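Student: Sharing coords02.cif, mmCIF, N, CA and C atoms:
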data_upload
#
loop_
_atom_site.label_atom_id
_atom_site.label_comp_id
_atom_site.auth_asym_id
_atom_site.auth_seq_id
_atom_site.Cartn_x
_atom_site.Cartn_y
_atom_site.Cartn_z
N MET A 113 -11.37 -16.86 6.43
CA MET A 113 -11.31 -15.73 5.51
C MET A 113 -11.30 -16.25 4.09
N SER A 114 -12.04 -15.59 3.23
CA SER A 114 -12.00 -15.92 1.83
C SER A 114 -10.74 -15.31 1.23
N SER A 115 -9.83 -16.17 0.75
CA SER A 115 -8.56 -15.66 0.23
C SER A 115 -8.75 -14.89 -1.08
N SER A 116 -9.96 -14.92 -1.64
CA SER A 116 -10.18 -14.20 -2.89
C SER A 116 -10.71 -12.78 -2.64
N ASP A 117 -11.05 -12.44 -1.41
CA ASP A 117 -11.54 -11.09 -1.12
C ASP A 117 -10.38 -10.11 -1.13
N GLN A 118 -10.56 -9.01 -1.86
CA GLN A 118 -9.50 -8.02 -1.97
C GLN A 118 -10.10 -6.63 -2.13
N ILE A 119 -9.39 -5.66 -1.60
CA ILE A 119 -9.66 -4.26 -1.88
C ILE A 119 -8.55 -3.79 -2.81
N LEU A 120 -8.93 -3.22 -3.94
CA LEU A 120 -7.96 -2.76 -4.93
C LEU A 120 -8.00 -1.24 -5.03
N VAL A 121 -6.82 -0.65 -5.04
CA VAL A 121 -6.68 0.78 -5.32
C VAL A 121 -5.76 0.83 -6.54
N ARG A 122 -6.28 1.32 -7.64
CA ARG A 122 -5.50 1.33 -8.89
C ARG A 122 -5.29 2.76 -9.37
N GLY A 123 -4.09 2.99 -9.89
CA GLY A 123 -3.81 4.26 -10.56
C GLY A 123 -3.71 5.46 -9.65
N LEU A 124 -3.29 5.26 -8.40
CA LEU A 124 -3.09 6.40 -7.50
C LEU A 124 -1.83 7.14 -7.94
N ARG A 125 -2.02 8.38 -8.41
CA ARG A 125 -0.88 9.19 -8.89
C ARG A 125 -0.37 10.04 -7.75
N LEU A 126 0.96 10.02 -7.60
CA LEU A 126 1.61 10.74 -6.51
C LEU A 126 2.82 11.50 -7.05
N TRP A 127 2.94 12.76 -6.66
CA TRP A 127 4.11 13.57 -7.01
C TRP A 127 5.08 13.44 -5.84
N ALA A 128 6.28 12.91 -6.12
CA ALA A 128 7.25 12.68 -5.05
C ALA A 128 8.65 13.02 -5.52
N HIS A 129 9.54 13.21 -4.57
CA HIS A 129 10.94 13.56 -4.83
C HIS A 129 11.80 12.32 -4.64
N VAL A 130 11.76 11.45 -5.63
CA VAL A 130 12.44 10.16 -5.58
C VAL A 130 13.22 9.97 -6.87
N GLY A 131 14.48 9.60 -6.75
CA GLY A 131 15.28 9.30 -7.92
C GLY A 131 16.76 9.34 -7.61
N VAL A 132 17.51 8.63 -8.40
CA VAL A 132 18.96 8.58 -8.22
C VAL A 132 19.58 9.91 -8.64
N LEU A 133 19.04 10.51 -9.67
CA LEU A 133 19.58 11.78 -10.16
C LEU A 133 19.13 12.93 -9.25
N VAL A 134 20.03 13.86 -9.01
CA VAL A 134 19.76 14.98 -8.10
C VAL A 134 18.52 15.74 -8.54
N HIS A 135 18.39 16.00 -9.84
CA HIS A 135 17.25 16.80 -10.30
C HIS A 135 15.92 16.08 -10.06
N GLU A 136 15.92 14.75 -10.01
CA GLU A 136 14.69 14.01 -9.71
C GLU A 136 14.25 14.27 -8.27
N ARG A 137 15.21 14.30 -7.37
CA ARG A 137 14.89 14.54 -5.96
C ARG A 137 14.58 16.02 -5.70
N GLU A 138 15.20 16.90 -6.45
CA GLU A 138 14.95 18.34 -6.25
C GLU A 138 13.62 18.78 -6.85
N ARG A 139 13.37 18.39 -8.09
CA ARG A 139 12.16 18.84 -8.79
C ARG A 139 10.94 17.98 -8.53
N GLY A 140 11.17 16.70 -8.31
CA GLY A 140 10.05 15.77 -8.15
C GLY A 140 9.54 15.26 -9.48
N GLN A 141 8.69 14.25 -9.42
CA GLN A 141 8.12 13.66 -10.62
C GLN A 141 6.93 12.79 -10.24
N TRP A 142 6.18 12.37 -11.27
CA TRP A 142 4.99 11.56 -11.04
C TRP A 142 5.33 10.09 -10.87
N PHE A 143 4.62 9.49 -9.93
CA PHE A 143 4.63 8.04 -9.71
C PHE A 143 3.19 7.58 -9.71
N GLU A 144 3.01 6.31 -9.99
CA GLU A 144 1.67 5.73 -9.94
C GLU A 144 1.77 4.41 -9.21
N VAL A 145 0.80 4.14 -8.35
CA VAL A 145 0.83 2.91 -7.56
C VAL A 145 -0.52 2.20 -7.63
N ASP A 146 -0.45 0.89 -7.70
CA ASP A 146 -1.61 0.02 -7.56
C ASP A 146 -1.40 -0.79 -6.29
N LEU A 147 -2.44 -0.91 -5.49
CA LEU A 147 -2.36 -1.63 -4.22
C LEU A 147 -3.46 -2.68 -4.16
N THR A 148 -3.14 -3.82 -3.56
CA THR A 148 -4.11 -4.87 -3.32
C THR A 148 -4.02 -5.27 -1.85
N LEU A 149 -5.12 -5.12 -1.14
CA LEU A 149 -5.22 -5.52 0.25
C LEU A 149 -6.10 -6.76 0.31
N THR A 150 -5.59 -7.86 0.81
CA THR A 150 -6.35 -9.10 0.91
C THR A 150 -6.96 -9.16 2.30
N VAL A 151 -8.28 -9.11 2.34
CA VAL A 151 -8.99 -9.04 3.62
C VAL A 151 -10.38 -9.67 3.44
N ASP A 152 -10.87 -10.29 4.47
CA ASP A 152 -12.21 -10.88 4.45
C ASP A 152 -13.24 -9.75 4.41
N LEU A 153 -14.00 -9.69 3.35
CA LEU A 153 -14.99 -8.63 3.17
C LEU A 153 -16.41 -9.06 3.51
N SER A 154 -16.58 -10.30 3.97
CA SER A 154 -17.93 -10.84 4.18
C SER A 154 -18.70 -10.08 5.26
N ALA A 155 -18.06 -9.67 6.35
CA ALA A 155 -18.77 -8.94 7.41
C ALA A 155 -19.30 -7.61 6.89
N ALA A 156 -18.45 -6.87 6.16
CA ALA A 156 -18.88 -5.58 5.61
C ALA A 156 -19.94 -5.78 4.53
N ALA A 157 -19.84 -6.86 3.78
CA ALA A 157 -20.85 -7.14 2.75
C ALA A 157 -22.22 -7.36 3.39
N ARG A 158 -22.23 -8.02 4.54
CA ARG A 158 -23.50 -8.27 5.23
C ARG A 158 -24.01 -7.02 5.95
N SER A 159 -23.10 -6.30 6.64
CA SER A 159 -23.54 -5.21 7.52
C SER A 159 -23.64 -3.85 6.82
N ASP A 160 -22.91 -3.67 5.73
CA ASP A 160 -22.81 -2.37 5.07
C ASP A 160 -22.26 -1.32 6.02
N ASN A 161 -21.31 -1.75 6.88
CA ASN A 161 -20.73 -0.88 7.89
C ASN A 161 -19.23 -0.75 7.64
N LEU A 162 -18.75 0.47 7.52
CA LEU A 162 -17.34 0.73 7.25
C LEU A 162 -16.42 0.15 8.33
N SER A 163 -16.89 0.07 9.55
CA SER A 163 -16.05 -0.45 10.63
C SER A 163 -15.78 -1.95 10.48
N ASP A 164 -16.48 -2.62 9.57
CA ASP A 164 -16.28 -4.05 9.33
C ASP A 164 -15.31 -4.33 8.19
N THR A 165 -14.65 -3.30 7.70
CA THR A 165 -13.72 -3.47 6.58
C THR A 165 -12.53 -2.54 6.79
N LEU A 166 -11.67 -2.44 5.81
CA LEU A 166 -10.55 -1.50 5.85
C LEU A 166 -10.96 -0.25 5.07
N ASP A 167 -10.78 0.89 5.66
CA ASP A 167 -11.12 2.16 5.03
C ASP A 167 -9.96 2.56 4.11
N TYR A 168 -10.12 2.29 2.82
CA TYR A 168 -9.03 2.56 1.87
C TYR A 168 -8.74 4.05 1.75
N SER A 169 -9.70 4.90 2.09
CA SER A 169 -9.45 6.35 2.01
C SER A 169 -8.35 6.77 2.98
N GLN A 170 -8.22 6.06 4.11
CA GLN A 170 -7.15 6.37 5.06
C GLN A 170 -5.78 6.12 4.41
N LEU A 171 -5.66 5.01 3.70
CA LEU A 171 -4.39 4.68 3.04
C LEU A 171 -4.08 5.67 1.92
N ILE A 172 -5.07 5.99 1.12
CA ILE A 172 -4.86 6.95 0.03
C ILE A 172 -4.38 8.30 0.58
N THR A 173 -5.06 8.80 1.59
CA THR A 173 -4.69 10.09 2.19
C THR A 173 -3.29 10.03 2.79
N ALA A 174 -2.98 8.94 3.49
CA ALA A 174 -1.66 8.80 4.11
C ALA A 174 -0.56 8.73 3.05
N LEU A 175 -0.80 8.03 1.95
CA LEU A 175 0.19 7.94 0.87
C LEU A 175 0.39 9.30 0.20
N GLN A 176 -0.69 10.05 0.04
CA GLN A 176 -0.56 11.40 -0.53
C GLN A 176 0.27 12.30 0.37
N GLN A 177 0.06 12.21 1.67
CA GLN A 177 0.85 13.00 2.62
C GLN A 177 2.31 12.56 2.60
N GLN A 178 2.54 11.25 2.58
CA GLN A 178 3.90 10.72 2.54
C GLN A 178 4.64 11.21 1.30
N ALA A 179 3.97 11.21 0.15
CA ALA A 179 4.59 11.63 -1.10
C ALA A 179 5.09 13.07 -1.03
N ARG A 180 4.37 13.91 -0.31
CA ARG A 180 4.77 15.32 -0.20
C ARG A 180 6.06 15.50 0.59
N SER A 181 6.40 14.54 1.45
CA SER A 181 7.56 14.73 2.32
C SER A 181 8.74 13.81 2.03
N ILE A 182 8.54 12.78 1.23
CA ILE A 182 9.61 11.80 1.03
C ILE A 182 10.69 12.33 0.08
N HIS A 183 11.94 12.03 0.41
CA HIS A 183 13.09 12.30 -0.45
C HIS A 183 13.99 11.07 -0.35
N CYS A 184 14.08 10.30 -1.42
CA CYS A 184 14.94 9.11 -1.43
C CYS A 184 15.37 8.83 -2.86
N GLN A 185 16.21 7.83 -3.03
CA GLN A 185 16.78 7.56 -4.35
C GLN A 185 16.06 6.45 -5.12
N THR A 186 15.65 5.39 -4.46
CA THR A 186 15.20 4.22 -5.22
C THR A 186 13.71 3.93 -5.07
N LEU A 187 13.16 3.34 -6.11
CA LEU A 187 11.79 2.84 -6.06
C LEU A 187 11.65 1.79 -4.96
N GLU A 188 12.69 1.01 -4.78
CA GLU A 188 12.66 -0.05 -3.77
C GLU A 188 12.44 0.55 -2.37
N HIS A 189 13.18 1.62 -2.07
CA HIS A 189 13.03 2.26 -0.76
C HIS A 189 11.67 2.93 -0.63
N TYR A 190 11.25 3.61 -1.67
CA TYR A 190 9.94 4.28 -1.63
C TYR A 190 8.84 3.25 -1.42
N SER A 191 8.91 2.14 -2.12
CA SER A 191 7.88 1.09 -1.96
C SER A 191 7.92 0.51 -0.54
N GLU A 192 9.10 0.38 0.04
CA GLU A 192 9.21 -0.12 1.42
C GLU A 192 8.53 0.84 2.39
N ARG A 193 8.72 2.11 2.17
CA ARG A 193 8.06 3.12 3.02
C ARG A 193 6.54 3.05 2.87
N MET A 194 6.07 2.79 1.65
CA MET A 194 4.62 2.62 1.44
C MET A 194 4.09 1.41 2.20
N LEU A 195 4.83 0.31 2.13
CA LEU A 195 4.41 -0.90 2.85
C LEU A 195 4.43 -0.67 4.36
N ASP A 196 5.45 0.04 4.85
CA ASP A 196 5.50 0.39 6.28
C ASP A 196 4.26 1.19 6.69
N LEU A 197 3.89 2.13 5.85
CA LEU A 197 2.74 2.98 6.13
C LEU A 197 1.45 2.15 6.17
N ALA A 198 1.28 1.27 5.19
CA ALA A 198 0.08 0.41 5.17
C ALA A 198 0.04 -0.47 6.41
N GLU A 199 1.18 -1.02 6.79
CA GLU A 199 1.23 -1.86 7.98
C GLU A 199 0.89 -1.06 9.24
N SER A 200 1.34 0.18 9.31
CA SER A 200 1.03 1.00 10.48
C SER A 200 -0.47 1.29 10.58
N LEU A 201 -1.16 1.33 9.44
CA LEU A 201 -2.60 1.57 9.44
C LEU A 201 -3.42 0.31 9.71
N TYR A 202 -3.01 -0.81 9.09
CA TYR A 202 -3.87 -2.00 9.06
C TYR A 202 -3.29 -3.23 9.74
N GLY A 203 -2.05 -3.16 10.21
CA GLY A 203 -1.44 -4.34 10.81
C GLY A 203 -0.96 -5.31 9.75
N THR A 204 -1.04 -6.60 10.06
CA THR A 204 -0.47 -7.63 9.19
C THR A 204 -1.43 -8.09 8.10
N VAL A 205 -2.08 -7.16 7.46
CA VAL A 205 -2.95 -7.47 6.33
C VAL A 205 -2.08 -7.73 5.11
N PRO A 206 -2.30 -8.83 4.40
CA PRO A 206 -1.53 -9.05 3.17
C PRO A 206 -1.73 -7.90 2.19
N ILE A 207 -0.63 -7.35 1.73
CA ILE A 207 -0.70 -6.23 0.79
C ILE A 207 0.33 -6.43 -0.31
N ALA A 208 -0.08 -6.12 -1.51
CA ALA A 208 0.82 -6.14 -2.66
C ALA A 208 0.72 -4.78 -3.33
N LEU A 209 1.84 -4.35 -3.91
CA LEU A 209 1.80 -3.08 -4.64
C LEU A 209 2.69 -3.15 -5.86
N GLU A 210 2.34 -2.33 -6.82
CA GLU A 210 3.21 -2.07 -7.97
C GLU A 210 3.39 -0.56 -8.01
N LEU A 211 4.64 -0.12 -7.86
CA LEU A 211 4.98 1.30 -7.88
C LEU A 211 5.70 1.60 -9.19
N ARG A 212 5.14 2.55 -9.96
CA ARG A 212 5.69 2.88 -11.27
C ARG A 212 6.23 4.31 -11.29
N LYS A 213 7.40 4.45 -11.89
CA LYS A 213 7.97 5.77 -12.19
C LYS A 213 7.47 6.10 -13.59
N CYS A 214 6.69 7.15 -13.72
CA CYS A 214 6.00 7.42 -14.98
C CYS A 214 6.92 7.88 -16.11
N SER A 215 8.04 8.53 -15.77
CA SER A 215 8.96 9.02 -16.80
C SER A 215 10.40 8.81 -16.36
N ALA A 216 10.89 7.61 -16.53
CA ALA A 216 12.27 7.31 -16.15
C ALA A 216 13.23 8.11 -17.02
N PRO A 217 14.24 8.74 -16.42
CA PRO A 217 15.16 9.59 -17.19
C PRO A 217 16.25 8.77 -17.89
N VAL A 218 15.82 7.94 -18.81
CA VAL A 218 16.75 7.11 -19.58
C VAL A 218 16.61 7.53 -21.05
N PRO A 219 17.68 8.04 -21.66
CA PRO A 219 17.59 8.51 -23.04
C PRO A 219 17.04 7.44 -23.98
N GLY A 220 16.07 7.84 -24.80
CA GLY A 220 15.49 6.95 -25.78
C GLY A 220 14.48 5.95 -25.22
N PHE A 221 14.14 6.06 -23.94
CA PHE A 221 13.20 5.14 -23.32
C PHE A 221 11.92 5.87 -22.98
N GLY A 222 10.81 5.43 -23.54
CA GLY A 222 9.52 6.06 -23.29
C GLY A 222 8.58 5.21 -22.48
N GLY A 223 9.08 4.13 -21.93
CA GLY A 223 8.23 3.20 -21.18
C GLY A 223 8.14 3.57 -19.70
N VAL A 224 7.74 2.59 -18.94
CA VAL A 224 7.54 2.75 -17.50
C VAL A 224 8.44 1.77 -16.77
N VAL A 225 9.03 2.22 -15.68
CA VAL A 225 9.84 1.36 -14.80
C VAL A 225 9.02 1.15 -13.53
N ALA A 226 9.02 -0.08 -13.02
CA ALA A 226 8.20 -0.37 -11.84
C ALA A 226 8.87 -1.40 -10.95
N VAL A 227 8.43 -1.42 -9.69
CA VAL A 227 8.77 -2.51 -8.77
C VAL A 227 7.46 -3.09 -8.26
N ARG A 228 7.46 -4.39 -8.06
CA ARG A 228 6.33 -5.07 -7.43
C ARG A 228 6.81 -5.61 -6.09
N ARG A 229 6.02 -5.35 -5.07
CA ARG A 229 6.39 -5.77 -3.71
C ARG A 229 5.19 -6.40 -3.04
N GLN A 230 5.46 -7.20 -2.06
CA GLN A 230 4.39 -7.82 -1.28
C GLN A 230 4.85 -7.92 0.17
N ARG A 231 3.93 -7.72 1.07
CA ARG A 231 4.22 -7.90 2.49
C ARG A 231 3.09 -8.71 3.09
N PHE A 232 3.46 -9.69 3.86
CA PHE A 232 2.55 -10.61 4.51
C PHE A 232 1.81 -11.46 3.48
N THR A 233 1.34 -12.58 3.91
CA THR A 233 0.56 -13.48 3.08
C THR A 233 -0.74 -13.79 3.81
N ALA A 234 -1.64 -14.46 3.14
CA ALA A 234 -2.89 -14.85 3.79
C ALA A 234 -2.59 -15.73 5.00
N ALA A 235 -1.55 -16.57 4.93
CA ALA A 235 -1.18 -17.42 6.06
C ALA A 235 -0.70 -16.57 7.23
N ASP A 236 0.10 -15.52 6.96
CA ASP A 236 0.54 -14.61 8.02
C ASP A 236 -0.67 -13.96 8.70
N SER A 237 -1.62 -13.51 7.88
CA SER A 237 -2.80 -12.82 8.39
C SER A 237 -3.66 -13.76 9.23
N SER A 238 -3.84 -15.00 8.78
CA SER A 238 -4.63 -15.97 9.53
C SER A 238 -3.98 -16.26 10.87
N HIS A 239 -2.66 -16.41 10.87
CA HIS A 239 -1.94 -16.68 12.11
C HIS A 239 -2.07 -15.51 13.08
N ALA A 240 -1.91 -14.29 12.58
CA ALA A 240 -2.04 -13.10 13.42
C ALA A 240 -3.46 -12.97 13.95
N GLY A 241 -4.45 -13.29 13.13
CA GLY A 241 -5.84 -13.23 13.57
C GLY A 241 -6.12 -14.21 14.69
N ARG A 242 -5.56 -15.43 14.58
CA ARG A 242 -5.73 -16.42 15.65
C ARG A 242 -5.06 -15.93 16.93
N GLU A 243 -3.86 -15.35 16.83
CA GLU A 243 -3.17 -14.83 18.01
C GLU A 243 -3.96 -13.70 18.65
N ASN A 244 -4.50 -12.78 17.83
CA ASN A 244 -5.27 -11.66 18.36
C ASN A 244 -6.52 -12.16 19.07
N ARG A 245 -7.23 -13.13 18.48
CA ARG A 245 -8.43 -13.67 19.12
C ARG A 245 -8.07 -14.37 20.43
N ALA A 246 -6.95 -15.08 20.45
CA ALA A 246 -6.53 -15.77 21.66
C ALA A 246 -6.19 -14.78 22.77
N GLN A 247 -5.73 -13.59 22.39
CA GLN A 247 -5.36 -12.57 23.38
C GLN A 247 -6.52 -11.61 23.65
N GLY A 248 -7.69 -11.87 23.02
CA GLY A 248 -8.86 -11.04 23.25
C GLY A 248 -8.85 -9.74 22.49
N GLN A 249 -8.06 -9.65 21.41
CA GLN A 249 -7.99 -8.42 20.61
C GLN A 249 -8.98 -8.51 19.47
N GLY A 250 -9.17 -7.36 18.79
CA GLY A 250 -10.21 -7.20 17.77
C GLY A 250 -9.98 -7.97 16.51
N GLY A 251 -10.88 -7.71 15.54
CA GLY A 251 -10.91 -8.40 14.27
C GLY A 251 -10.17 -7.67 13.18
N SER A 252 -10.84 -7.50 12.02
CA SER A 252 -10.14 -6.98 10.84
C SER A 252 -10.53 -5.55 10.52
N GLY A 253 -11.17 -4.83 11.42
CA GLY A 253 -11.56 -3.46 11.15
C GLY A 253 -10.38 -2.53 11.08
N PRO A 254 -10.59 -1.27 10.71
CA PRO A 254 -9.50 -0.34 10.52
C PRO A 254 -8.74 0.00 11.79
N ASN A 255 -9.30 -0.23 12.94
CA ASN A 255 -8.62 0.09 14.19
C ASN A 255 -8.06 -1.13 14.86
N SER A 256 -8.00 -2.25 14.15
CA SER A 256 -7.51 -3.49 14.75
C SER A 256 -6.01 -3.55 14.72
#
Mind turning this structure into structure tokens?
Tutor:
Amino acid sequence: MSSSDQILVRGLRLWAHVGVLVHERERGQWFEVDLTLTVDLSAAARSDNLSDTLDYSQLITALQQQARSIHCQTLEHYSERMLDLAESLYGTVPIALELRKCSAPVPGFGGVVAVRRQRFTAADSSHAGRENRAQGQGGSGPNS
């Protein structure tokens, strides 16, 4: 696998009920997430076939649905739920994300608060791919 191949989803805006303050969880607020999926894109580049890559629209749709139902306090927990969701869709694909709270309720602060998280590495993915091939399981497509 080329470790430089990545699928990027940037600036996905999500309205969610996340925050330490009660009114944040009751009213909701905007969040923005950037995601990076590290995956070998060479097969899809050659075939022009969606089944040879990861369908990022599945992740976007799933994250939008998750945002409508989640109620939690911390960015850390929300980001963990996002990583869980990505793993449920794609398996042990290396994924990194930056989750931003667009308007943190801190008096006099107009900036952005964010967490950066990562799950799995290229080494994890290579090891899982070797195990799957040894057991006769599929490759890196969306149903693998």
Student: Determine, counting only N, CA and C atoms, which protein, DNA and RNA residues have an atom within 8 Å of an atom of Thr150 (chain A); residues of the same chain fewer than 4 positions away are not included. Present the result as an MDAnalysis selection string.
Tutor: chainID A and resid 114:120 205:208 233:234
Student: Just N, CA and C atoms for this one: save the residues we selected as a short mmCIF file (atom, residue, chain, number, x, y, z; two decimals), in the coordinates of the input.
Tutor:
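selection_16.cif was written with the following content:
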data_model
loop_
_atom_site.label_atom_id
_atom_site.label_comp_id
_atom_site.auth_asym_id
_atom_site.auth_seq_id
_atom_site.Cartn_x
_atom_site.Cartn_y
_atom_site.Cartn_z
N SER A 114 -12.04 -15.59 3.23
CA SER A 114 -12.00 -15.92 1.83
C SER A 114 -10.74 -15.31 1.23
N SER A 115 -9.83 -16.17 0.75
CA SER A 115 -8.56 -15.66 0.23
C SER A 115 -8.75 -14.89 -1.08
N SER A 116 -9.96 -14.92 -1.64
CA SER A 116 -10.18 -14.20 -2.89
C SER A 116 -10.71 -12.78 -2.64
N ASP A 117 -11.05 -12.44 -1.41
CA ASP A 117 -11.54 -11.09 -1.12
C ASP A 117 -10.38 -10.11 -1.13
N GLN A 118 -10.56 -9.01 -1.86
CA GLN A 118 -9.50 -8.02 -1.97
C GLN A 118 -10.10 -6.63 -2.13
N ILE A 119 -9.39 -5.66 -1.60
CA ILE A 119 -9.66 -4.26 -1.88
C ILE A 119 -8.55 -3.79 -2.81
N LEU A 120 -8.93 -3.22 -3.94
CA LEU A 120 -7.96 -2.76 -4.93
C LEU A 120 -8.00 -1.24 -5.03
N VAL A 205 -2.08 -7.16 7.46
CA VAL A 205 -2.95 -7.47 6.33
C VAL A 205 -2.08 -7.73 5.11
N PRO A 206 -2.30 -8.83 4.40
CA PRO A 206 -1.53 -9.05 3.17
C PRO A 206 -1.73 -7.90 2.19
N ILE A 207 -0.63 -7.35 1.73
CA ILE A 207 -0.70 -6.23 0.79
C ILE A 207 0.33 -6.43 -0.31
N ALA A 208 -0.08 -6.12 -1.51
CA ALA A 208 0.82 -6.14 -2.66
C ALA A 208 0.72 -4.78 -3.33
N THR A 233 1.34 -12.58 3.91
CA THR A 233 0.56 -13.48 3.08
C THR A 233 -0.74 -13.79 3.81
N ALA A 234 -1.64 -14.46 3.14
CA ALA A 234 -2.89 -14.85 3.79
C ALA A 234 -2.59 -15.73 5.00
#
Student: Can you work out which one of A:Arg229, A:Val224, A:His129, A:Asp164 has the shortest atom-to-atom distance to Ser191 (chain A), counting all atoms listed in the file?
Tutor: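 Once distances to Ser191 (chain A) are computed over all atoms listed in the file, the minimum belongs to A:Arg229.
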Student: Counting only C-alpha atoms, which of A:Ala157, A:Ile172, A:Leu195, A:Val227 gets nearest to Val121 (chain A)?
Tutor: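 So, comparing all the options, the nearest one is A:Ile172.
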Student: Take atom N of His135 (chain A) and atom N of His189 (chain A) and report the distance between them in Å, one decimal.
Tutor: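 Atom-to-atom, atom N of His135 (chain A) and atom N of His189 (chain A) are spaced 17.2 Å apart.
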Student: Quick check for you: according to DSSP on this backbone, which residues of chain A are classed as helix (DSSP H, G or I)? Reply as a ChimeraX atom specification.
Tutor: /A:134-139,154-159,162-164,168-181,187-202,234-246
Student: Between atom N of Leu197 (chain A) and CA of Gln170 (chain A), what distance in Å does the model show, to one decimal?
Tutor: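 Separation between atom N of Leu197 (chain A) and CA of Gln170 (chain A): 11.9 Å.
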Student: Considering only C-alpha atoms, can you say which of A:Asp152, A:Glu188, A:Glu136, A:Asp167 comes closest to Ser215 (chain A)?
Tutor: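 The closest residue to Ser215 (chain A) is A:Glu136.
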Student: Where does DSSP see strand (DSSP E or B) in region 172-234 of chain A, if you list the residues as a PDB file with N, CA and C atoms, in the frame of the given file?
Tutor:
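In the end it all went to part.pdb:
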ATOM      1  N   HIS A 183      11.940  12.030   0.410  1.00  0.00           N
ATOM      2  CA  HIS A 183      13.090  12.300  -0.450  1.00  0.00           C
ATOM      3  C   HIS A 183      13.990  11.070  -0.350  1.00  0.00           C
ATOM      4  N   CYS A 184      14.080  10.300  -1.420  1.00  0.00           N
ATOM      5  CA  CYS A 184      14.940   9.110  -1.430  1.00  0.00           C
ATOM      6  C   CYS A 184      15.370   8.830  -2.860  1.00  0.00           C
ATOM      7  N   ILE A 207      -0.630  -7.350   1.730  1.00  0.00           N
ATOM      8  CA  ILE A 207      -0.700  -6.230   0.790  1.00  0.00           C
ATOM      9  C   ILE A 207       0.330  -6.430  -0.310  1.00  0.00           C
ATOM     10  N   ALA A 208      -0.080  -6.120  -1.510  1.00  0.00           N
ATOM     11  CA  ALA A 208       0.820  -6.140  -2.660  1.00  0.00           C
ATOM     12  C   ALA A 208       0.720  -4.780  -3.330  1.00  0.00           C
ATOM     13  N   LEU A 209       1.840  -4.350  -3.910  1.00  0.00           N
ATOM     14  CA  LEU A 209       1.800  -3.080  -4.640  1.00  0.00           C
ATOM     15  C   LEU A 209       2.690  -3.150  -5.860  1.00  0.00           C
ATOM     16  N   GLU A 210       2.340  -2.330  -6.820  1.00  0.00           N
ATOM     17  CA  GLU A 210       3.210  -2.070  -7.970  1.00  0.00           C
ATOM     18  C   GLU A 210       3.390  -0.560  -8.010  1.00  0.00           C
ATOM     19  N   LEU A 211       4.640  -0.120  -7.860  1.00  0.00           N
ATOM     20  CA  LEU A 211       4.980   1.300  -7.880  1.00  0.00           C
ATOM     21  C   LEU A 211       5.700   1.600  -9.190  1.00  0.00           C
ATOM     22  N   ARG A 212       5.140   2.550  -9.960  1.00  0.00           N
ATOM     23  CA  ARG A 212       5.690   2.880 -11.270  1.00  0.00           C
ATOM     24  C   ARG A 212       6.230   4.310 -11.290  1.00  0.00           C
ATOM     25  N   LYS A 213       7.400   4.450 -11.890  1.00  0.00           N
ATOM     26  CA  LYS A 213       7.970   5.770 -12.190  1.00  0.00           C
ATOM     27  C   LYS A 213       7.470   6.100 -13.590  1.00  0.00           C
ATOM     28  N   VAL A 225       9.030   2.220 -15.680  1.00  0.00           N
ATOM     29  CA  VAL A 225       9.840   1.360 -14.800  1.00  0.00           C
ATOM     30  C   VAL A 225       9.020   1.150 -13.530  1.00  0.00           C
ATOM     31  N   ALA A 226       9.020  -0.080 -13.020  1.00  0.00           N
ATOM     32  CA  ALA A 226       8.200  -0.370 -11.840  1.00  0.00           C
ATOM     33  C   ALA A 226       8.870  -1.400 -10.950  1.00  0.00           C
ATOM     34  N   VAL A 227       8.430  -1.420  -9.690  1.00  0.00           N
ATOM     35  CA  VAL A 227       8.770  -2.510  -8.770  1.00  0.00           C
ATOM     36  C   VAL A 227       7.460  -3.090  -8.260  1.00  0.00           C
ATOM     37  N   ARG A 228       7.460  -4.390  -8.060  1.00  0.00           N
ATOM     38  CA  ARG A 228       6.330  -5.070  -7.430  1.00  0.00           C
ATOM     39  C   ARG A 228       6.810  -5.610  -6.090  1.00  0.00           C
ATOM     40  N   ARG A 229       6.020  -5.350  -5.070  1.00  0.00           N
ATOM     41  CA  ARG A 229       6.390  -5.770  -3.710  1.00  0.00           C
ATOM     42  C   ARG A 229       5.190  -6.400  -3.040  1.00  0.00           C
ATOM     43  N   GLN A 230       5.460  -7.200  -2.060  1.00  0.00           N
ATOM     44  CA  GLN A 230       4.390  -7.820  -1.280  1.00  0.00           C
ATOM     45  C   GLN A 230       4.850  -7.920   0.170  1.00  0.00           C
ATOM     46  N   ARG A 231       3.930  -7.720   1.070  1.00  0.00           N
ATOM     47  CA  ARG A 231       4.220  -7.900   2.490  1.00  0.00           C
ATOM     48  C   ARG A 231       3.090  -8.710   3.090  1.00  0.00           C
TER      49      ARG A 231
END
Student: Find the residues around Ala198 (chain A) up to 12 Å (only C-alpha atoms counted), leave out those fewer than 3 positions away in its own chain, and share them as a PyMOL selection string.
Tutor: chain A and resi 147-149+166-175+178+191-195+201-209+230-232+254
Student: Considering only C-alpha atoms, can you say which of A:Gly222, A:Gly123, A:Gln177, A:Glu138 comes closest to Glu210 (chain A)?
Tutor: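 Using only C-alpha atoms, Glu210 (chain A) sits closest to A:Gly123.
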Student: Only C-alpha atoms needed: put region 206-217 of chain A from the block into a file as a compact mmCIF listing (two decimals), in the first residue's frame.
Tutor:
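The result, stored in out-v5.txt:
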# COMPACT_ATOMS: atom_id res chain seq x y z
CA PRO A 206 -6.07 4.27 9.52
CA ILE A 207 -8.19 7.34 10.21
CA ALA A 208 -7.40 10.73 11.67
CA LEU A 209 -9.85 13.47 12.50
CA GLU A 210 -9.98 16.99 13.82
CA LEU A 211 -13.30 17.84 15.49
CA ARG A 212 -13.95 21.54 16.08
CA LYS A 213 -16.54 23.25 18.24
CA CYS A 214 -17.35 26.33 16.18
CA SER A 215 -18.48 28.58 19.04
CA ALA A 216 -17.10 27.59 22.42
CA PRO A 217 -19.09 29.27 25.22
